[in-house]
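Text of upload28.csv (CSV, C-alpha atoms and all ligand atoms) as supplied:
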chain,number,residue,atom,x,y,z
A,1121,MET,CA,-24.4,45.0,-11.7
A,1122,SER,CA,-22.0,46.3,-9.0
A,1123,SER,CA,-23.4,48.4,-6.2
A,1124,SER,CA,-21.8,51.8,-5.4
A,1125,ARG,CA,-23.2,51.7,-1.9
A,1126,PRO,CA,-20.4,52.3,0.6
A,1127,SER,CA,-19.8,49.7,3.3
A,1128,ARG,CA,-18.2,49.5,6.7
A,1129,PRO,CA,-16.9,46.7,8.9
A,1130,VAL,CA,-18.7,45.6,12.1
A,1131,SER,CA,-15.6,46.8,14.0
A,1132,ALA,CA,-16.3,50.4,13.0
A,1133,SER,CA,-19.5,50.5,15.1
A,1134,GLU,CA,-18.3,48.6,18.2
A,1135,CYS,CA,-18.9,50.3,21.6
A,1136,LYS,CA,-18.2,49.1,25.1
A,1137,MET,CA,-19.7,50.8,28.2
A,1138,THR,CA,-18.7,50.0,31.8
A,1139,GLU,CA,-20.6,51.3,34.8
A,1140,ILE,CA,-20.6,50.5,38.5
A,1141,VAL,CA,-24.1,50.0,40.0
A,1142,LEU,CA,-24.7,52.6,42.7
A,1143,PRO,CA,-27.6,52.8,45.3
A,1144,ASN,CA,-29.4,55.3,43.1
A,1145,ASP,CA,-29.6,52.7,40.2
A,1146,THR,CA,-31.2,50.0,42.4
A,1147,ASN,CA,-34.7,48.9,43.6
A,1148,GLY,CA,-35.6,48.0,47.2
A,1149,LEU,CA,-33.9,44.6,46.8
A,1150,GLY,CA,-30.6,46.2,45.9
A,1151,ASN,CA,-30.8,45.0,42.3
A,1152,MET,CA,-30.2,47.3,39.3
A,1153,MET,CA,-33.5,48.5,38.0
A,1154,GLY,CA,-34.5,47.2,34.5
A,1155,GLY,CA,-35.3,50.7,33.2
A,1156,ARG,CA,-31.8,52.0,34.3
A,1157,LEU,CA,-30.2,49.1,32.4
A,1158,LEU,CA,-32.4,49.7,29.3
A,1159,HIS,CA,-31.3,53.4,29.4
A,1160,LEU,CA,-27.6,52.5,29.4
A,1161,MET,CA,-28.2,49.9,26.6
A,1162,ASP,CA,-30.0,52.5,24.5
A,1163,LYS,CA,-27.1,54.9,24.9
A,1164,CYS,CA,-24.5,52.3,24.0
A,1165,ALA,CA,-26.5,51.1,20.9
A,1166,ALA,CA,-27.0,54.8,19.8
A,1167,ILE,CA,-23.2,55.3,19.8
A,1168,SER,CA,-22.8,52.1,17.7
A,1169,ALA,CA,-25.5,53.3,15.2
A,1170,GLN,CA,-23.9,56.8,15.0
A,1171,ARG,CA,-20.4,55.3,14.6
A,1172,HIS,CA,-21.7,53.2,11.7
A,1173,SER,CA,-23.7,55.9,9.9
A,1174,ASN,CA,-22.0,59.1,10.9
A,1175,ARG,CA,-25.6,60.5,11.4
A,1176,VAL,CA,-27.9,61.4,14.2
A,1177,CYS,CA,-29.9,58.2,14.8
A,1178,VAL,CA,-33.2,57.5,16.6
A,1179,THR,CA,-34.5,54.3,18.2
A,1180,ALA,CA,-37.2,52.8,16.0
A,1181,ALA,CA,-37.7,49.5,17.8
A,1182,VAL,CA,-36.5,47.4,20.7
A,1183,ASP,CA,-37.0,43.6,20.5
A,1184,ASN,CA,-38.1,41.7,23.5
A,1185,VAL,CA,-35.5,42.0,26.3
A,1186,GLU,CA,-35.2,39.3,29.0
A,1187,PHE,CA,-33.4,40.0,32.3
A,1188,GLN,CA,-31.7,36.6,32.9
A,1189,SER,CA,-29.8,37.5,35.9
A,1190,ALA,CA,-30.1,40.4,38.5
A,1191,ILE,CA,-27.2,42.8,38.8
A,1192,ARG,CA,-26.4,43.7,42.4
A,1193,GLU,CA,-25.4,47.1,43.9
A,1194,GLY,CA,-21.6,47.3,43.8
A,1195,GLU,CA,-21.3,45.1,40.7
A,1196,VAL,CA,-20.0,46.4,37.4
A,1197,VAL,CA,-22.2,46.2,34.3
A,1198,VAL,CA,-20.5,45.9,31.0
A,1199,ILE,CA,-22.4,46.5,27.8
A,1200,GLU,CA,-21.0,45.8,24.3
A,1201,SER,CA,-22.8,46.7,21.1
A,1202,HIS,CA,-22.2,46.7,17.3
A,1203,VAL,CA,-24.2,47.0,14.1
A,1204,ASN,CA,-25.0,43.5,12.7
A,1205,ARG,CA,-26.6,44.8,9.4
A,1206,ALA,CA,-27.7,47.9,7.8
A,1207,PHE,CA,-30.8,48.0,5.5
A,1208,ARG,CA,-31.7,51.2,3.7
A,1209,THR,CA,-32.0,53.8,6.4
A,1210,SER,CA,-32.3,51.5,9.4
A,1211,MET,CA,-29.8,49.1,11.1
A,1212,GLU,CA,-29.9,46.3,13.6
A,1213,VAL,CA,-27.7,46.9,16.7
A,1214,GLU,CA,-26.9,43.8,18.8
A,1215,LEU,CA,-26.2,44.3,22.6
A,1216,ASN,CA,-24.6,41.9,25.0
A,1217,VAL,CA,-24.6,42.6,28.7
A,1218,TRP,CA,-22.4,41.1,31.5
A,1219,ALA,CA,-22.2,41.7,35.2
A,1220,GLU,CA,-18.8,41.6,36.8
A,1221,ASN,CA,-18.3,41.1,40.6
A,1222,PRO,CA,-15.0,42.7,41.3
A,1223,LEU,CA,-14.7,41.2,44.8
A,1224,GLU,CA,-15.2,37.6,43.6
A,1225,GLU,CA,-13.5,38.1,40.2
A,1226,THR,CA,-16.5,36.5,38.5
A,1227,HIS,CA,-18.6,37.6,35.5
A,1228,ARG,CA,-21.8,36.3,34.1
A,1229,THR,CA,-24.0,37.0,31.0
A,1230,CYS,CA,-27.1,39.0,31.9
A,1231,ASN,CA,-28.8,39.6,28.6
A,1232,ARG,CA,-28.7,40.0,24.8
A,1233,ALA,CA,-31.0,42.4,22.9
A,1234,PHE,CA,-31.5,43.8,19.4
A,1235,TYR,CA,-32.3,47.5,18.9
A,1236,THR,CA,-33.3,49.1,15.5
A,1237,TYR,CA,-32.0,52.6,14.8
A,1238,VAL,CA,-32.9,54.9,11.9
A,1239,ALA,CA,-30.4,57.5,10.6
A,1240,LEU,CA,-31.8,60.9,10.0
A,1241,ASP,CA,-30.7,63.8,7.7
A,1242,GLU,CA,-30.6,67.5,8.6
A,1243,ASP,CA,-34.4,67.8,8.1
A,1244,GLY,CA,-35.1,64.9,10.4
A,1245,GLY,CA,-36.1,62.4,7.7
A,1246,PRO,CA,-34.7,58.9,7.2
A,1247,VAL,CA,-31.5,58.9,5.1
A,1248,PRO,CA,-29.6,56.0,3.4
A,1249,ILE,CA,-26.6,54.6,5.3
A,1250,PRO,CA,-23.6,52.4,4.4
A,1251,ASP,CA,-24.0,48.6,4.3
A,1252,VAL,CA,-22.1,46.4,6.7
A,1253,THR,CA,-19.3,44.1,5.5
A,1254,PRO,CA,-19.1,41.0,7.7
A,1255,GLU,CA,-15.4,39.9,8.1
A,1256,THR,CA,-15.7,36.8,10.2
A,1257,GLU,CA,-17.9,33.6,10.1
A,1258,GLN,CA,-19.8,34.8,13.2
A,1259,GLU,CA,-20.4,38.3,11.7
A,1260,GLN,CA,-21.6,36.6,8.5
A,1261,LYS,CA,-24.1,34.5,10.5
A,1262,ARG,CA,-25.4,37.6,12.4
A,1263,TYR,CA,-25.7,39.5,9.1
A,1264,GLU,CA,-27.9,36.7,7.6
A,1265,SER,CA,-30.0,36.2,10.7
A,1266,ALA,CA,-30.5,40.0,11.0
A,1267,ALA,CA,-32.7,39.9,7.8
A,1268,LYS,CA,-35.0,37.3,9.4
A,1269,ARG,CA,-35.3,39.3,12.7
A,1270,ARG,CA,-36.1,42.4,10.6
A,1271,ASP,CA,-38.9,40.6,8.8
A,1272,ILE,CA,-40.3,39.4,12.1
A,1273,ARG,CA,-40.3,42.9,13.7
A,1274,LEU,CA,-41.8,44.5,10.6
A,1275,VAL,CA,-44.6,41.9,10.5
A,1276,LEU,CA,-45.2,42.4,14.2
A,1277,ALA,CA,-45.3,46.2,13.7
A,1278,GLY,CA,-47.8,45.8,11.0
A,1279,ARG,CA,-45.4,47.4,8.5
A,1280,LYS,CA,-45.1,44.2,6.3
A,1281,GLY,CA,-47.5,41.4,5.4
A,1282,LEU,CA,-46.5,37.8,6.2
A,1283,ALA,CA,-46.7,37.0,2.5
A,1284,ASP,CA,-44.0,39.7,1.8
A,1285,ALA,CA,-41.6,38.5,4.4
A,1286,ALA,CA,-39.3,36.5,2.1
A,1287,SER,CA,-37.0,35.1,4.8
A,1288,LEU,CA,-39.8,34.0,7.0
A,1289,LYS,CA,-41.7,32.4,4.1
A,1290,GLU,CA,-38.7,30.2,3.4
A,1291,ASP,CA,-38.4,29.1,7.0
A,1292,MET,CA,-42.1,28.4,7.3
A,1293,LEU,CA,-42.0,26.3,4.1
A,1294,THR,CA,-39.0,24.3,5.5
A,1295,ALA,CA,-40.9,23.9,8.8
A,1296,LEU,CA,-44.0,22.7,7.0
A,1297,GLN,CA,-42.1,20.3,4.8
A,1298,THR,CA,-40.3,19.0,7.9
A,1299,ASP,CA,-43.6,18.5,9.7
A,1300,ALA,CA,-45.1,16.8,6.7
A,1301,THR,CA,-42.3,14.2,6.6
A,1302,ALA,CA,-42.0,13.8,10.4
A,1401,LIG,C1,-38.3,55.7,13.2
A,1401,LIG,C2,-38.9,56.8,12.3
A,1401,LIG,C3,-37.8,57.8,11.9
A,1401,LIG,C4,-39.4,56.1,11.1
A,1401,LIG,O1,-40.0,57.0,10.3
A,1401,LIG,P1,-41.0,56.6,9.1
A,1401,LIG,O2,-41.7,57.9,8.6
A,1401,LIG,O3,-41.9,55.5,9.5
A,1401,LIG,O4,-40.0,56.3,7.9
A,1401,LIG,P2,-40.0,55.0,7.0
A,1401,LIG,O5,-41.3,54.3,6.8
A,1401,LIG,O6,-39.2,55.5,5.8
A,1401,LIG,O7,-39.0,54.0,7.8
A,1401,LIG,C5,-37.6,54.3,7.9
A,1401,LIG,C6,-37.0,53.0,8.3
A,1401,LIG,O8,-37.4,52.6,9.6
A,1401,LIG,C7,-37.7,51.3,9.6
A,1401,LIG,N1,-38.7,51.1,10.7
A,1401,LIG,C8,-39.7,51.9,11.0
A,1401,LIG,N2,-40.4,51.3,12.0
A,1401,LIG,C9,-39.8,50.2,12.3
A,1401,LIG,C10,-40.1,49.2,13.3
A,1401,LIG,N3,-41.1,49.2,14.2
A,1401,LIG,N4,-39.2,48.1,13.4
A,1401,LIG,C11,-38.2,48.0,12.6
A,1401,LIG,N5,-37.9,49.0,11.6
A,1401,LIG,C12,-38.7,50.0,11.5
A,1401,LIG,C13,-38.3,51.0,8.3
A,1401,LIG,O9,-38.3,49.6,7.9
A,1401,LIG,C14,-37.3,51.8,7.4
A,1401,LIG,O10,-36.1,51.0,7.3
A,1401,LIG,P3,-35.3,50.9,5.9
A,1401,LIG,O11,-35.2,52.3,5.3
A,1401,LIG,O12,-34.0,50.4,6.3
A,1401,LIG,O13,-36.1,50.0,5.0
A,1401,LIG,C15,-40.1,57.6,13.0
A,1401,LIG,O14,-41.1,56.7,13.2
A,1401,LIG,C16,-39.7,58.3,14.2
A,1401,LIG,O15,-39.1,59.3,14.2
A,1401,LIG,N6,-40.0,57.6,15.4
A,1401,LIG,C17,-39.6,58.2,16.7
A,1401,LIG,C18,-38.2,57.9,17.0
A,1401,LIG,C19,-37.9,58.2,18.5
A,1401,LIG,O16,-38.2,59.3,18.9
A,1401,LIG,N7,-37.2,57.3,19.2
A,1401,LIG,C20,-37.0,57.4,20.5
A,1401,LIG,C21,-38.1,56.7,21.2
A,1401,LIG,S1,-38.5,57.1,22.8
Would you mind giving the structure from this file in structure tokens?
Ligand SMILES: CC(C)(COP(=O)(O)OP(=O)(O)OC[C@H]1O[C@@H](n2cnc3c(N)ncnc32)[C@H](O)[C@@H]1OP(=O)(O)O)[C@@H](O)C(=O)NCCC(=O)NCCS
Amino acid sequence: MSSSRPSRPVSASECKMTEIVLPNDTNGLGNMMGGRLLHLMDKCAAISAQRHSNRVCVTAAVDNVEFQSAIREGEVVVIESHVNRAFRTSMEVELNVWAENPLEETHRTCNRAFYTYVALDEDGGPVPIPDVTPETEQEQKRYESAAKRRDIRLVLAGRKGLADAASLKEDMLTALQTDATA
């Protein structure tokens, strides 16, 4: 049975934000504050979600975020986001963050995160959104792994039982079989 659900490429949701870190963005050590970076990431991810769905979107969940490398005052923070996969009314947005040092002409990866957004209709209720069509091998991998991450976050949020998380069950069985033969 063919699905009539519309679909959009990952490229339709891409967003890139570039900001210089000013004194007002930093803590007493001259490093960018984590909350300030999370705020910029939320804005970038919201633009991706809205580009994909053409709807007003709200943040439903933020997966664990690690700050791998401090970003110094005067450096440039670059945030890139795109929608990996859309479910019914929700979608997973992936964010990658870099810091650029314009004086040294260097750049380094700072963090990667996944945000979940829900598209809302005019009455503020969740509304179905287009699917995502992966066009490259990397996009296909992200599309598949997004289903596993979704199961994990729904189990952790208490919205799904472990027994219903199909993708996790498969992985757990594989892990158990591997353990049994190890
Ligand atoms: C997000 C929100 C719209 C969900 O509303 P709800 O009444 O629980 O609606 P539903 O149960 O139909 O869930 C809607 C979608 O959100 C997803 N969702 C809800 N909570 C989630 C969570 N913790 N993690 C991942 N997905 C979640 C559901 O799985 C569902 O996705 P699907 O339709 O693709 O299957 C609602 O909780 C809300 O408005 N939250 C506040 C959002 C906000 O203000 N954000 C800014 C935070 S500061």
Could you give me, as a tab-separated table, every chain A residue with an atom at most 8 Å from ligand LIG 1401 (chain A), plus its closest atom pair and distance in Å to one decimal, counting only C-alpha atoms and all ligand atoms, rows ordered by chain then number?
residue	atom	partner	partner_atom	distance
A:Val1178	CA	A:LIG1401	N7	4.8
A:Thr1179	CA	A:LIG1401	N7	4.2
A:Ala1180	CA	A:LIG1401	C1	4.2
A:Ala1181	CA	A:LIG1401	N4	4.9
A:Val1182	CA	A:LIG1401	N4	7.8
A:Ala1206	CA	A:LIG1401	O12	6.9
A:Phe1207	CA	A:LIG1401	O12	4.1
A:Arg1208	CA	A:LIG1401	O12	3.6
A:Thr1209	CA	A:LIG1401	O11	3.7
A:Ser1210	CA	A:LIG1401	O12	3.7
A:Met1211	CA	A:LIG1401	O12	6.5
A:Thr1236	CA	A:LIG1401	C11	5.8
A:Tyr1237	CA	A:LIG1401	C1	7.2
A:Val1238	CA	A:LIG1401	O8	5.6
A:Ala1239	CA	A:LIG1401	C3	7.5
A:Leu1240	CA	A:LIG1401	C3	7.0
A:Gly1244	CA	A:LIG1401	C3	7.7
A:Gly1245	CA	A:LIG1401	C3	6.5
A:Pro1246	CA	A:LIG1401	C5	5.5
A:Val1247	CA	A:LIG1401	O11	7.6
A:Pro1248	CA	A:LIG1401	O11	7.0
A:Arg1270	CA	A:LIG1401	C11	6.3
A:Arg1273	CA	A:LIG1401	N4	5.3
A:Leu1274	CA	A:LIG1401	N4	5.2
A:Leu1276	CA	A:LIG1401	N3	7.9
A:Ala1277	CA	A:LIG1401	N3	5.2
A:Arg1279	CA	A:LIG1401	N2	7.2
Q: Provide the atom CA of Leu1158 of chain A to atom CA of Ser1189 of chain A distance in Å, to one decimal place.
A: 14.1 Å
Each residue of segment 1163-1246 of chain A with at least one atom at most 9 Å from segment 1126-1132 of chain A should appear once, together with its nearest atom pair and the corresponding distance in Å (one decimal); atoms considered: only C-alpha atoms; ordering: chain, then increasing residue number; output as a tab-separated table.
residue	atom	partner	partner_atom	distance
A:Ser1168	CA	A:Ala1132	CA	8.2
A:Arg1171	CA	A:Ala1132	CA	6.6
A:His1172	CA	A:Ala1132	CA	6.2
A:His1202	CA	A:Val1130	CA	6.4
A:Val1203	CA	A:Val1130	CA	6.0
A:Asn1204	CA	A:Val1130	CA	6.7
A:Arg1205	CA	A:Val1130	CA	8.4
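Of the residues listed (A:Ala1190, A:Met1137, A:Val1196, A:Ala1165), A:Ala1190 shows the shortest atom-to-atom separation from Cys1230 of chain A; distances use only C-alpha atoms.
Proximity of A:Cys1177, A:Leu1149, A:Leu1288, A:Ala1283 to Arg1269 of chain A, computed with all atoms listed in the file, is greatest for A:Leu1288.
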Q: Find the spatial neighbours of Cys1164 of chain A, counting only C-alpha atoms, within a cut-off of 9 Å - ignore same-chain residues fewer than 5 positions away - and output them as a PyMOL selection string.
A: chain A and resi 1135-1137+1159+1169+1199-1201+1215
Q: Skip Gly1150 of chain A itself and residues of its chain fewer than 5 positions away, then list as a PyMOL selection string all residues within 9 Å of it, counting all atoms listed in the file.
A: chain A and resi 1143+1145+1191-1193
Q) Neighbours of Val1197 of chain A within 10 Å (all atoms listed in the file; same-chain residues fewer than 2 positions away dropped), as a PyMOL selection string? A) chain A and resi 1137-1141+1152+1157+1160+1191-1192+1194-1195+1199+1217-1221+1227-1230
Kindly save the residues from that selection, with C-alpha atoms included, as an mmCIF file, in the frame of the given file.
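Saved file out-v5.cif follows:
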data_model
loop_
_atom_site.group_PDB
_atom_site.id
_atom_site.type_symbol
_atom_site.label_atom_id
_atom_site.label_comp_id
_atom_site.auth_asym_id
_atom_site.auth_seq_id
_atom_site.Cartn_x
_atom_site.Cartn_y
_atom_site.Cartn_z
ATOM 1 C CA MET A 1137 -19.700 50.800 28.200
ATOM 2 C CA THR A 1138 -18.700 50.000 31.800
ATOM 3 C CA GLU A 1139 -20.600 51.300 34.800
ATOM 4 C CA ILE A 1140 -20.600 50.500 38.500
ATOM 5 C CA VAL A 1141 -24.100 50.000 40.000
ATOM 6 C CA MET A 1152 -30.200 47.300 39.300
ATOM 7 C CA LEU A 1157 -30.200 49.100 32.400
ATOM 8 C CA LEU A 1160 -27.600 52.500 29.400
ATOM 9 C CA ILE A 1191 -27.200 42.800 38.800
ATOM 10 C CA ARG A 1192 -26.400 43.700 42.400
ATOM 11 C CA GLY A 1194 -21.600 47.300 43.800
ATOM 12 C CA GLU A 1195 -21.300 45.100 40.700
ATOM 13 C CA ILE A 1199 -22.400 46.500 27.800
ATOM 14 C CA VAL A 1217 -24.600 42.600 28.700
ATOM 15 C CA TRP A 1218 -22.400 41.100 31.500
ATOM 16 C CA ALA A 1219 -22.200 41.700 35.200
ATOM 17 C CA GLU A 1220 -18.800 41.600 36.800
ATOM 18 C CA ASN A 1221 -18.300 41.100 40.600
ATOM 19 C CA HIS A 1227 -18.600 37.600 35.500
ATOM 20 C CA ARG A 1228 -21.800 36.300 34.100
ATOM 21 C CA THR A 1229 -24.000 37.000 31.000
ATOM 22 C CA CYS A 1230 -27.100 39.000 31.900
#
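Separating atom CA of Glu1264 of chain A from atom CA of Glu1134 of chain A is a distance of 18.6 Å.
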Q: Could you tell me how far atom CA of Glu1259 of chain A lies from atom CA of Asn1216 of chain A, in Å and to one decimal?
A: 14.4 Å
